[in-house]
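Just structure-v7.cif here, mmCIF, C-alpha atoms:
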```cif
data_structure
loop_
_atom_site.group_PDB
_atom_site.id
_atom_site.type_symbol
_atom_site.label_atom_id
_atom_site.label_comp_id
_atom_site.auth_asym_id
_atom_site.auth_seq_id
_atom_site.Cartn_x
_atom_site.Cartn_y
_atom_site.Cartn_z
ATOM 1 C CA MET A 902 -77.257 74.788 -2.020
ATOM 2 C CA PRO A 903 -80.942 74.251 -1.117
ATOM 3 C CA VAL A 904 -83.144 71.762 -2.942
ATOM 4 C CA LYS A 905 -86.479 72.810 -4.455
ATOM 5 C CA SER A 906 -89.593 70.702 -4.019
ATOM 6 C CA PHE A 907 -93.003 71.120 -5.679
ATOM 7 C CA ARG A 908 -96.680 70.967 -4.805
ATOM 8 C CA PRO A 909 -98.054 67.533 -5.778
ATOM 9 C CA LEU A 910 -100.248 68.796 -8.604
ATOM 10 C CA THR A 911 -99.313 65.725 -10.650
ATOM 11 C CA PRO A 912 -98.034 62.294 -9.543
ATOM 12 C CA SER A 913 -94.565 63.014 -10.922
ATOM 13 C CA LEU A 914 -94.241 66.234 -8.893
ATOM 14 C CA ARG A 915 -95.069 64.556 -5.580
ATOM 15 C CA TYR A 916 -91.516 63.362 -4.831
ATOM 16 C CA LEU A 917 -89.536 65.275 -7.456
ATOM 17 C CA THR A 918 -86.833 67.633 -6.201
ATOM 18 C CA VAL A 919 -84.305 69.715 -8.127
ATOM 19 C CA SER A 920 -81.344 71.871 -7.241
ATOM 20 C CA SER A 921 -82.063 75.572 -6.984
ATOM 21 C CA PHE A 922 -78.848 76.415 -8.902
ATOM 22 C CA GLU A 923 -78.399 79.580 -6.851
ATOM 23 C CA GLU A 924 -74.608 79.359 -7.137
ATOM 24 C CA ILE A 925 -74.611 79.194 -10.942
ATOM 25 C CA THR A 926 -73.562 82.532 -12.427
ATOM 26 C CA LYS A 927 -73.104 81.614 -16.112
ATOM 27 C CA ASP A 928 -75.508 79.740 -18.384
ATOM 28 C CA LYS A 929 -73.287 78.705 -21.295
ATOM 29 C CA PRO A 930 -69.835 77.096 -21.111
ATOM 30 C CA GLU A 931 -66.576 78.576 -22.365
ATOM 31 C CA LYS A 932 -66.371 77.562 -26.034
ATOM 32 C CA SER A 933 -62.630 76.961 -25.950
ATOM 33 C CA LEU A 934 -62.981 74.494 -23.066
ATOM 34 C CA VAL A 935 -65.673 72.124 -24.374
ATOM 35 C CA GLN A 936 -65.726 69.125 -26.683
ATOM 36 C CA ILE A 937 -68.535 67.186 -28.328
ATOM 37 C CA ARG A 938 -69.387 63.937 -26.584
ATOM 38 C CA LYS A 939 -70.262 61.015 -28.835
ATOM 39 C CA LYS A 940 -72.485 58.565 -26.981
ATOM 40 C CA THR A 941 -71.910 54.834 -27.279
ATOM 41 C CA GLY A 942 -75.241 53.443 -26.050
ATOM 42 C CA GLY A 943 -73.241 51.017 -23.916
ATOM 43 C CA ARG A 944 -71.646 49.393 -26.965
ATOM 44 C CA ASN A 945 -67.982 48.680 -27.579
ATOM 45 C CA SER A 946 -65.983 49.045 -30.804
ATOM 46 C CA GLN A 947 -67.539 45.835 -32.152
ATOM 47 C CA GLY A 948 -71.072 47.098 -31.623
ATOM 48 C CA ARG A 949 -71.850 44.702 -28.784
ATOM 49 C CA VAL A 950 -73.578 45.838 -25.625
ATOM 50 C CA THR A 951 -71.038 45.710 -22.801
ATOM 51 C CA SER A 952 -72.837 48.081 -20.414
ATOM 52 C CA ARG A 953 -76.572 47.460 -20.170
ATOM 53 C CA GLY A 954 -79.132 50.134 -19.416
ATOM 54 C CA ARG A 955 -77.483 52.953 -21.332
ATOM 55 C CA GLY A 956 -78.825 54.912 -24.277
ATOM 56 C CA GLY A 957 -80.614 58.065 -25.311
ATOM 57 C CA GLY A 958 -80.424 61.052 -23.029
ATOM 58 C CA HIS A 959 -79.961 64.736 -23.602
ATOM 59 C CA LYS A 960 -77.073 66.003 -25.687
ATOM 60 C CA GLN A 961 -74.017 66.818 -23.562
ATOM 61 C CA LYS A 962 -70.677 68.502 -24.078
ATOM 62 C CA ILE A 963 -67.489 67.560 -22.247
ATOM 63 C CA ARG A 964 -65.916 70.298 -20.131
ATOM 64 C CA LEU A 965 -62.124 70.120 -20.096
ATOM 65 C CA VAL A 966 -61.411 70.288 -16.367
ATOM 66 C CA ASP A 967 -57.906 71.056 -15.097
ATOM 67 C CA PHE A 968 -57.242 68.316 -12.552
ATOM 68 C CA ARG A 969 -53.474 68.812 -12.659
ATOM 69 C CA ARG A 970 -53.396 72.481 -11.599
ATOM 70 C CA ASN A 971 -49.918 72.699 -13.105
ATOM 71 C CA LYS A 972 -49.903 76.454 -13.763
ATOM 72 C CA PHE A 973 -47.741 77.141 -10.735
ATOM 73 C CA ASP A 974 -47.245 80.484 -8.990
ATOM 74 C CA VAL A 975 -49.663 82.281 -11.319
ATOM 75 C CA GLU A 976 -52.679 83.868 -9.666
ATOM 76 C CA ALA A 977 -56.099 83.382 -11.225
ATOM 77 C CA ARG A 978 -59.458 85.044 -10.664
ATOM 78 C CA VAL A 979 -62.734 83.136 -10.441
ATOM 79 C CA VAL A 980 -64.846 84.445 -13.326
ATOM 80 C CA ALA A 981 -67.938 82.247 -12.978
ATOM 81 C CA ILE A 982 -69.471 79.183 -11.351
ATOM 82 C CA GLU A 983 -70.939 76.841 -13.967
ATOM 83 C CA TYR A 984 -73.021 73.688 -14.218
ATOM 84 C CA ASP A 985 -71.469 70.544 -15.676
ATOM 85 C CA PRO A 986 -73.867 67.908 -17.084
ATOM 86 C CA MET A 987 -71.134 65.278 -16.950
ATOM 87 C CA ARG A 988 -70.554 65.339 -13.198
ATOM 88 C CA SER A 989 -72.297 66.043 -9.904
ATOM 89 C CA ALA A 990 -69.947 68.858 -8.860
ATOM 90 C CA TYR A 991 -70.039 72.417 -10.189
ATOM 91 C CA LEU A 992 -67.132 74.037 -12.015
ATOM 92 C CA ALA A 993 -65.323 77.291 -11.401
ATOM 93 C CA LEU A 994 -64.022 79.148 -14.455
ATOM 94 C CA LEU A 995 -60.594 80.650 -13.769
ATOM 95 C CA GLU A 996 -58.909 83.429 -15.723
ATOM 96 C CA TYR A 997 -55.162 83.755 -15.212
ATOM 97 C CA LYS A 998 -53.168 86.948 -15.491
ATOM 98 C CA ASP A 999 -51.887 85.933 -18.913
ATOM 99 C CA GLY A 1000 -55.463 85.564 -20.180
ATOM 100 C CA GLU A 1001 -55.649 81.764 -20.169
ATOM 101 C CA LYS A 1002 -58.885 80.225 -18.887
ATOM 102 C CA ARG A 1003 -59.325 76.877 -17.157
ATOM 103 C CA TYR A 1004 -62.018 74.933 -15.339
ATOM 104 C CA ILE A 1005 -61.554 73.518 -11.837
ATOM 105 C CA LEU A 1006 -63.935 71.823 -9.420
ATOM 106 C CA ALA A 1007 -65.761 74.480 -7.424
ATOM 107 C CA PRO A 1008 -65.262 73.929 -3.671
ATOM 108 C CA VAL A 1009 -67.622 75.114 -0.963
ATOM 109 C CA GLY A 1010 -67.141 78.827 -0.257
ATOM 110 C CA LEU A 1011 -65.415 79.757 -3.523
ATOM 111 C CA LYS A 1012 -67.148 82.850 -4.910
ATOM 112 C CA VAL A 1013 -66.852 84.867 -8.096
ATOM 113 C CA GLY A 1014 -64.002 87.343 -7.794
ATOM 114 C CA ALA A 1015 -61.912 85.173 -5.464
ATOM 115 C CA ARG A 1016 -58.220 84.646 -6.160
ATOM 116 C CA VAL A 1017 -56.706 81.164 -6.338
ATOM 117 C CA SER A 1018 -53.291 79.776 -7.178
ATOM 118 C CA SER A 1019 -51.319 76.562 -7.138
ATOM 119 C CA GLY A 1020 -47.788 75.634 -6.149
ATOM 120 C CA ALA A 1021 -45.726 74.874 -3.074
ATOM 121 C CA ALA A 1022 -45.648 78.558 -2.097
ATOM 122 C CA ALA A 1023 -49.415 79.109 -2.447
ATOM 123 C CA PRO A 1024 -51.294 80.016 0.777
ATOM 124 C CA ALA A 1025 -53.348 77.268 2.411
ATOM 125 C CA GLU A 1026 -56.744 78.677 1.411
ATOM 126 C CA VAL A 1027 -59.876 77.203 -0.141
ATOM 127 C CA GLY A 1028 -59.430 76.543 -3.856
ATOM 128 C CA ASN A 1029 -55.631 76.590 -3.814
ATOM 129 C CA SER A 1030 -53.695 73.507 -4.909
ATOM 130 C CA LEU A 1031 -50.611 72.530 -2.898
ATOM 131 C CA PRO A 1032 -48.430 69.439 -2.401
ATOM 132 C CA LEU A 1033 -49.577 67.400 0.576
ATOM 133 C CA LYS A 1034 -46.371 68.181 2.484
ATOM 134 C CA SER A 1035 -47.264 71.911 2.371
ATOM 135 C CA ILE A 1036 -50.853 71.501 3.612
ATOM 136 C CA PRO A 1037 -51.564 71.904 7.364
ATOM 137 C CA ILE A 1038 -52.422 68.698 9.210
ATOM 138 C CA GLY A 1039 -56.160 68.258 9.711
ATOM 139 C CA SER A 1040 -57.136 70.219 6.599
ATOM 140 C CA VAL A 1041 -60.078 69.219 4.421
ATOM 141 C CA ILE A 1042 -58.924 68.447 0.877
ATOM 142 C CA HIS A 1043 -60.189 67.078 -2.450
ATOM 143 C CA ASN A 1044 -58.923 66.347 -5.981
ATOM 144 C CA ILE A 1045 -56.016 64.298 -4.630
ATOM 145 C CA GLU A 1046 -53.297 62.900 -6.874
ATOM 146 C CA LEU A 1047 -52.143 59.286 -6.598
ATOM 147 C CA ILE A 1048 -49.149 59.746 -8.888
ATOM 148 C CA PRO A 1049 -47.229 63.069 -8.746
ATOM 149 C CA GLY A 1050 -48.025 65.158 -11.826
ATOM 150 C CA LYS A 1051 -50.770 62.880 -13.162
ATOM 151 C CA GLY A 1052 -53.647 64.995 -11.862
ATOM 152 C CA GLY A 1053 -56.251 64.556 -9.162
ATOM 153 C CA GLN A 1054 -58.004 61.174 -9.132
ATOM 154 C CA LEU A 1055 -59.531 60.916 -5.666
ATOM 155 C CA VAL A 1056 -62.451 62.824 -4.066
ATOM 156 C CA ARG A 1057 -63.980 64.646 -7.042
ATOM 157 C CA ALA A 1058 -67.739 64.052 -6.591
ATOM 158 C CA ALA A 1059 -70.157 66.613 -5.169
ATOM 159 C CA GLY A 1060 -69.818 67.026 -1.414
ATOM 160 C CA GLY A 1061 -66.678 64.898 -1.280
ATOM 161 C CA MET A 1062 -64.031 65.680 1.303
ATOM 162 C CA ALA A 1063 -60.937 63.946 2.626
ATOM 163 C CA THR A 1064 -58.874 64.738 5.708
ATOM 164 C CA LEU A 1065 -55.089 65.020 5.880
ATOM 165 C CA MET A 1066 -54.189 63.107 9.059
ATOM 166 C CA SER A 1067 -50.384 63.066 9.230
ATOM 167 C CA ILE A 1068 -47.167 63.202 7.209
ATOM 168 C CA ALA A 1069 -44.184 60.948 7.867
ATOM 169 C CA ASP A 1070 -41.451 59.094 5.966
ATOM 170 C CA GLY A 1071 -42.326 60.710 2.651
ATOM 171 C CA TYR A 1072 -46.000 59.741 2.786
ATOM 172 C CA ALA A 1073 -49.183 61.472 3.906
ATOM 173 C CA LEU A 1074 -52.001 59.617 5.644
ATOM 174 C CA VAL A 1075 -55.334 60.621 4.110
ATOM 175 C CA ARG A 1076 -58.783 59.607 5.317
ATOM 176 C CA LEU A 1077 -61.061 59.218 2.288
ATOM 177 C CA PRO A 1078 -64.853 59.744 2.231
ATOM 178 C CA SER A 1079 -65.373 55.964 2.329
ATOM 179 C CA GLY A 1080 -63.536 55.784 5.657
ATOM 180 C CA GLU A 1081 -60.479 54.180 4.111
ATOM 181 C CA ILE A 1082 -57.129 55.500 5.326
ATOM 182 C CA ARG A 1083 -54.333 55.249 2.815
ATOM 183 C CA LYS A 1084 -50.814 56.519 2.235
ATOM 184 C CA VAL A 1085 -50.189 59.014 -0.560
ATOM 185 C CA LYS A 1086 -46.802 60.387 -1.561
ATOM 186 C CA GLU A 1087 -46.185 63.796 -0.002
ATOM 187 C CA GLN A 1088 -45.242 65.247 -3.415
ATOM 188 C CA CYS A 1089 -48.785 64.648 -4.707
ATOM 189 C CA TYR A 1090 -50.974 67.717 -5.066
ATOM 190 C CA ALA A 1091 -54.403 68.240 -3.532
ATOM 191 C CA THR A 1092 -56.872 71.122 -3.439
ATOM 192 C CA LEU A 1093 -58.048 72.611 -0.163
ATOM 193 C CA GLY A 1094 -61.734 72.591 0.710
ATOM 194 C CA GLN A 1095 -64.782 70.409 0.222
ATOM 195 C CA VAL A 1096 -66.266 69.817 -3.233
ATOM 196 C CA GLY A 1097 -69.310 72.031 -3.736
ATOM 197 C CA ASN A 1098 -72.959 71.207 -4.472
ATOM 198 C CA THR A 1099 -73.245 69.314 -1.187
ATOM 199 C CA ASP A 1100 -77.021 68.889 -1.516
ATOM 200 C CA HIS A 1101 -76.695 66.786 -4.654
ATOM 201 C CA GLU A 1102 -77.371 63.613 -2.652
ATOM 202 C CA ASN A 1103 -80.778 65.017 -1.618
ATOM 203 C CA VAL A 1104 -82.050 65.364 -5.182
ATOM 204 C CA VAL A 1105 -84.836 62.885 -6.059
ATOM 205 C CA LEU A 1106 -85.452 62.195 -9.748
ATOM 206 C CA GLY A 1107 -89.141 61.679 -9.078
ATOM 207 C CA LYS A 1108 -90.124 60.244 -12.454
ATOM 208 C CA ALA A 1109 -88.866 57.879 -15.112
ATOM 209 C CA GLY A 1110 -88.437 60.673 -17.642
ATOM 210 C CA ARG A 1111 -85.575 62.253 -15.703
ATOM 211 C CA SER A 1112 -83.701 58.955 -15.810
ATOM 212 C CA ARG A 1113 -84.162 58.850 -19.567
ATOM 213 C CA HIS A 1114 -82.865 62.418 -19.863
ATOM 214 C CA LEU A 1115 -79.715 61.238 -18.083
ATOM 215 C CA GLY A 1116 -79.253 58.424 -20.592
ATOM 216 C CA ILE A 1117 -80.408 55.646 -18.235
ATOM 217 C CA ARG A 1118 -82.629 53.023 -19.881
ATOM 218 C CA PRO A 1119 -84.924 50.615 -18.002
ATOM 219 C CA LEU A 1120 -83.743 47.128 -17.042
ATOM 220 C CA SER A 1121 -85.920 44.062 -16.602
ATOM 221 C CA ARG A 1122 -85.741 42.173 -13.314
ATOM 222 C CA ALA A 1123 -84.003 38.833 -13.482
ATOM 223 C CA VAL A 1124 -86.826 36.789 -11.923
ATOM 224 C CA CYS A 1125 -89.296 37.844 -14.611
ATOM 225 C CA LYS A 1126 -87.129 36.517 -17.450
ATOM 226 C CA ASN A 1127 -87.028 33.074 -18.997
ATOM 227 C CA PRO A 1128 -84.405 30.514 -17.955
ATOM 228 C CA VAL A 1129 -82.718 30.879 -21.341
ATOM 229 C CA ASP A 1130 -82.151 34.590 -20.668
ATOM 230 C CA HIS A 1131 -81.054 34.557 -17.026
ATOM 231 C CA PRO A 1132 -80.016 31.992 -14.386
ATOM 232 C CA MET A 1133 -82.711 33.330 -12.042
ATOM 233 C CA GLY A 1134 -85.458 33.216 -14.666
ATOM 234 C CA GLY A 1135 -88.355 30.807 -14.977
ATOM 235 C CA GLY A 1136 -90.654 29.189 -12.435
ATOM 236 C CA ALA A 1137 -94.357 29.474 -11.760
ATOM 237 C CA GLY A 1138 -94.913 32.846 -10.168
ATOM 238 C CA ARG A 1139 -92.348 35.184 -8.656
ATOM 239 C CA THR A 1140 -89.465 33.041 -7.466
ATOM 240 C CA ALA A 1141 -85.713 33.136 -7.622
ATOM 241 C CA GLY A 1142 -85.448 29.373 -7.495
ATOM 242 C CA GLY A 1143 -83.920 29.311 -4.049
ATOM 243 C CA GLY A 1144 -80.496 30.211 -5.383
ATOM 244 C CA HIS A 1145 -78.238 33.118 -4.552
ATOM 245 C CA PRO A 1146 -78.739 36.301 -6.661
ATOM 246 C CA VAL A 1147 -76.391 36.260 -9.628
ATOM 247 C CA THR A 1148 -75.675 38.243 -12.783
ATOM 248 C CA PRO A 1149 -76.747 37.032 -16.228
ATOM 249 C CA TRP A 1150 -73.323 35.332 -16.442
ATOM 250 C CA GLY A 1151 -73.660 33.552 -13.102
ATOM 251 C CA VAL A 1152 -71.424 35.770 -10.949
ATOM 252 C CA ILE A 1153 -72.661 36.255 -7.383
ATOM 253 C CA THR A 1154 -73.997 39.794 -6.889
ATOM 254 C CA LYS A 1155 -74.216 40.108 -3.092
ATOM 255 C CA GLY A 1156 -71.163 39.752 -0.901
ATOM 256 C CA PHE A 1157 -68.849 38.611 -3.684
ATOM 257 C CA LYS A 1158 -65.593 40.584 -3.523
ATOM 258 C CA THR A 1159 -64.424 41.757 -6.945
ATOM 259 C CA ARG A 1160 -61.171 43.391 -5.832
ATOM 260 C CA LYS A 1161 -58.053 41.360 -6.595
ATOM 261 C CA LYS A 1162 -56.502 39.840 -3.475
ATOM 262 C CA VAL A 1163 -52.976 40.586 -4.650
ATOM 263 C CA ARG A 1164 -52.858 44.180 -5.832
ATOM 264 C CA TYR A 1165 -49.877 46.522 -5.807
ATOM 265 C CA SER A 1166 -51.842 49.368 -4.188
ATOM 266 C CA ASN A 1167 -52.700 47.241 -1.128
ATOM 267 C CA ARG A 1168 -49.425 48.301 0.433
ATOM 268 C CA TYR A 1169 -50.666 51.900 0.582
ATOM 269 C CA ILE A 1170 -53.938 51.089 2.361
ATOM 270 C CA VAL A 1171 -53.555 51.387 6.136
ATOM 271 C CA THR A 1172 -57.185 50.921 7.177
ATOM 272 C CA ARG A 1173 -59.944 49.553 4.988
ATOM 273 C CA ARG A 1174 -63.254 51.326 4.662
ATOM 274 C CA ASP A 1175 -64.918 48.843 7.034
ATOM 275 C CA GLY A 1176 -62.502 49.883 9.775
ATOM 276 C CA ARG A 1177 -60.315 46.769 9.718
ATOM 277 C CA PRO A 1178 -56.556 47.037 9.142
ATOM 278 C CA MET A 1179 -55.289 45.974 5.738
ATOM 279 C CA LYS A 1180 -53.512 42.611 5.795
ATOM 280 C CA MET A 1181 -50.668 42.144 3.393
ATOM 281 C CA LYS A 1182 -50.351 38.800 1.625
#
```
Can you dump the structure from the file as structure tokens?
Amino acid sequence: MPVKSFRPLTPSLRYLTVSSFEEITKDKPEKSLVQIRKKTGGRNSQGRVTSRGRGGGHKQKIRLVDFRRNKFDVEARVVAIEYDPMRSAYLALLEYKDGEKRYILAPVGLKVGARVSSGAAAPAEVGNSLPLKSIPIGSVIHNIELIPGKGGQLVRAAGGMATLMSIADGYALVRLPSGEIRKVKEQCYATLGQVGNTDHENVVLGKAGRSRHLGIRPLSRAVCKNPVDHPMGGGAGRTAGGGHPVTPWGVITKGFKTRKKVRYSNRYIVTRRDGRPMKMK
């Protein structure tokens, strides 16, 4: 989908770009498939801020997306392509033969009127959901399950695509968008195709107001705070004190690995995203 830019009539329009929304065919969501979203402002159940920089924003409703695709061997027709304020990808509204409607992630090339289905016997076409063992080697896939029957957890953002590399010994080797190669059980389901709205990464907010509409509040830099408020605060002029950048709680922010060294899922990672093989401990 192309991205629209504007003549720089005002400072905020100089760099601002928006999606053209050419693929969108329906303005309002399906009432039976939405829920009200109550915003937290970054606060937990005790009212304390646990996620800074959140608050405000436009009112949003949660779309109930079918990541499981567990309505097997029942053909559905794509009724509309819709916008979802909660995610970067677009949604496709499906209507099954029995009248039930569900949302799925809209892949590239899926048009209104197309027919999709899920199940081991479904054809290997864009928008269809199949177990990995039934998908041709080399296919582009998304919405990949990690646990059979739990629903897709991997590759769900706009423009995301993974590649099915091989299948052996009950596992499929999948190359993820990060470059990581990992083993996934061959019974897990995945959807063929690349997630739509591929130009989402080219959108530039252009002004502070668009961040506020998204519910993103401003954050003060650490070096401009007082020592009582941040480890990097204080000093005459702009200085970090010669120390390494840290969080307000003193945790190193650059180069510090937060992933646990001993993790059960390490055994399924064949190649890390930096290209090095995974070493088991």
Kindly provide the residues of region 1047-1070 of chain A that approach region 1095-1102 of chain A to within 9 Å, each paired with its closest atom pair and their distance in Å to one decimal, based on only C-alpha atoms, listed by chain and increasing number, as CSV.
```
residue,atom,partner,partner_atom,distance
A:Val1056,CA,A:Val1096,CA,8.0
A:Arg1057,CA,A:Val1096,CA,6.8
A:Ala1058,CA,A:Val1096,CA,6.8
A:Ala1059,CA,A:Val1096,CA,5.4
A:Gly1060,CA,A:Thr1099,CA,4.1
A:Gly1061,CA,A:Val1096,CA,5.3
A:Met1062,CA,A:Gln1095,CA,4.9
A:Ala1063,CA,A:Gln1095,CA,7.9
```
(message) Applying 12 Å and all atoms listed in the file, which residues near Gly1151 (chain A) remain after dropping the ones on its own chain fewer than 2 positions away? List them as a PyMOL selection string.
(response) chain A and resi 1123+1130-1134+1144-1149+1153-1155+1157
(request) Give me the residues within 12 Å of Arg1111 (chain A) as a PyMOL selection string, counting all atoms listed in the file and dropping any in the same chain fewer than 2 places off. (result) chain A and resi 913-914+917-919+957-959+1104-1109+1113-1119
(request) Excluding Pro1037 (chain A) and residues on its chain fewer than 4 positions from it, collect all residues at most 12 Å away from it, counting all atoms listed in the file, and give them as a PyMOL selection string. (result) chain A and resi 1024-1026+1031-1033+1041-1042+1064-1068+1073+1091+1093
(request) Name the residues in contact with Ile982 (chain A) at a cut-off of 9 Å, using all atoms listed in the file, excluding same-chain residues fewer than 6 positions from it; report them as a PyMOL selection string. (result) chain A and resi 924-927+991-994+1007+1011-1013
(message) I need the residue nearest Leu934 (chain A) from this list: A:His1043, A:Lys1002, A:Arg1139, A:Lys1162. Use all atoms listed in the file for the distance.
(response)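 Checking each of A:His1043, A:Lys1002, A:Arg1139, A:Lys1162 against Leu934 (chain A), counting all atoms listed in the file, the winner is A:Lys1002.
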(message) Neighbouring residues of Val935 (chain A) were defined as those with any atom within 8 Å, considering all atoms listed in the file; residues of the same chain fewer than 2 positions away were excluded. Please report them as an NGL selection string.
(response) :A and (930-933 or 937 or 962-965)
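Among the candidate residues A:Tyr1090, A:Thr1159, A:Arg1174, A:Gly1138, the one lying nearest to Asn971 (chain A) is A:Tyr1090, with distances computed using all atoms listed in the file.
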Please identify all polymer residues lying at most 9 Å from the point (-52.7, 67.2, -7.8) (file coordinates), using all atoms listed in the file, and present the result as a tab-separated table (two decimals) with C-alpha atoms, in the frame of the given file.
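And here is the file that came out, out-v2.tsv:
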```
chain	number	residue	atom	x	y	z
A	968	PHE	CA	-57.24	68.32	-12.55
A	969	ARG	CA	-53.47	68.81	-12.66
A	970	ARG	CA	-53.40	72.48	-11.60
A	971	ASN	CA	-49.92	72.70	-13.10
A	1030	SER	CA	-53.70	73.51	-4.91
A	1031	LEU	CA	-50.61	72.53	-2.90
A	1032	PRO	CA	-48.43	69.44	-2.40
A	1033	LEU	CA	-49.58	67.40	0.58
A	1044	ASN	CA	-58.92	66.35	-5.98
A	1045	ILE	CA	-56.02	64.30	-4.63
A	1046	GLU	CA	-53.30	62.90	-6.87
A	1047	LEU	CA	-52.14	59.29	-6.60
A	1048	ILE	CA	-49.15	59.75	-8.89
A	1049	PRO	CA	-47.23	63.07	-8.75
A	1050	GLY	CA	-48.02	65.16	-11.83
A	1051	LYS	CA	-50.77	62.88	-13.16
A	1052	GLY	CA	-53.65	65.00	-11.86
A	1053	GLY	CA	-56.25	64.56	-9.16
A	1054	GLN	CA	-58.00	61.17	-9.13
A	1088	GLN	CA	-45.24	65.25	-3.42
A	1089	CYS	CA	-48.78	64.65	-4.71
A	1090	TYR	CA	-50.97	67.72	-5.07
A	1091	ALA	CA	-54.40	68.24	-3.53
A	1092	THR	CA	-56.87	71.12	-3.44
```
(message) Report, in Å to a single decimal, how far apart CA of Asp985 (chain A) and CA of Leu1006 (chain A) are.
(response)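 Result for CA of Leu1006 (chain A) versus CA of Asp985 (chain A): 9.9 Å, one decimal.
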(message) Please report the interatomic distance between CA of Gly1028 (chain A) and CA of Glu1081 (chain A) in Å with one decimal.
(response)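 Atom-to-atom, CA of Gly1028 (chain A) and CA of Glu1081 (chain A) are spaced 23.8 Å apart.
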(request) Starting from the point (-46.6, 76.6, -6.7), work out which residues of protein, DNA or RNA have an atom no more than 9 Å away when counting only C-alpha atoms; state them as a PyMOL selection string. (result) chain A and resi 971-975+1018-1023+1030-1032
(request) Go ahead and compute the interatomic distance for CA of Glu996 (chain A) and CA of Gln961 (chain A), in Å to one decimal. (result)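 Distance between the two atoms: 23.8 Å.
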Working from the structure I just supplied, which lacks atoms in region 915-928 of chain A, can you model N, CA and C atoms there and output them as an mmCIF file, in the coordinates of the input?
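Saved file out.cif follows:
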```
data_model
loop_
_atom_site.group_PDB
_atom_site.id
_atom_site.type_symbol
_atom_site.label_atom_id
_atom_site.label_comp_id
_atom_site.auth_asym_id
_atom_site.auth_seq_id
_atom_site.Cartn_x
_atom_site.Cartn_y
_atom_site.Cartn_z
ATOM 1 N N ARG A 915 -94.898 64.823 -7.004
ATOM 2 C CA ARG A 915 -95.069 64.556 -5.580
ATOM 3 C C ARG A 915 -93.724 64.380 -4.865
ATOM 4 N N TYR A 916 -92.803 63.633 -5.472
ATOM 5 C CA TYR A 916 -91.516 63.362 -4.831
ATOM 6 C C TYR A 916 -90.350 64.045 -5.538
ATOM 7 N N LEU A 917 -90.609 64.683 -6.659
ATOM 8 C CA LEU A 917 -89.536 65.275 -7.456
ATOM 9 C C LEU A 917 -88.904 66.453 -6.746
ATOM 10 N N THR A 918 -87.578 66.485 -6.727
ATOM 11 C CA THR A 918 -86.833 67.633 -6.201
ATOM 12 C C THR A 918 -85.712 67.977 -7.183
ATOM 13 N N VAL A 919 -85.374 69.244 -7.252
ATOM 14 C CA VAL A 919 -84.305 69.715 -8.127
ATOM 15 C C VAL A 919 -83.436 70.697 -7.363
ATOM 16 N N SER A 920 -82.226 70.869 -7.831
ATOM 17 C CA SER A 920 -81.344 71.871 -7.241
ATOM 18 C C SER A 920 -81.842 73.264 -7.607
ATOM 19 N N SER A 921 -81.625 74.204 -6.710
ATOM 20 C CA SER A 921 -82.063 75.572 -6.984
ATOM 21 C C SER A 921 -81.093 76.319 -7.892
ATOM 22 N N PHE A 922 -79.868 75.812 -8.025
ATOM 23 C CA PHE A 922 -78.848 76.415 -8.902
ATOM 24 C C PHE A 922 -78.578 77.875 -8.545
ATOM 25 N N GLU A 923 -78.651 78.200 -7.271
ATOM 26 C CA GLU A 923 -78.399 79.580 -6.851
ATOM 27 C C GLU A 923 -76.951 80.000 -7.078
ATOM 28 N N GLU A 924 -76.025 79.025 -7.007
ATOM 29 C CA GLU A 924 -74.608 79.359 -7.137
ATOM 30 C C GLU A 924 -74.197 79.581 -8.582
ATOM 31 N N ILE A 925 -74.983 79.086 -9.525
ATOM 32 C CA ILE A 925 -74.611 79.194 -10.942
ATOM 33 C C ILE A 925 -74.686 80.655 -11.385
ATOM 34 N N THR A 926 -73.612 81.142 -11.993
ATOM 35 C CA THR A 926 -73.562 82.532 -12.427
ATOM 36 C C THR A 926 -73.431 82.674 -13.941
ATOM 37 N N LYS A 927 -73.276 81.553 -14.665
ATOM 38 C CA LYS A 927 -73.104 81.614 -16.112
ATOM 39 C C LYS A 927 -73.858 80.455 -16.741
ATOM 40 N N ASP A 928 -74.633 80.748 -17.787
ATOM 41 C CA ASP A 928 -75.508 79.740 -18.384
ATOM 42 C C ASP A 928 -74.800 78.870 -19.415
#
```
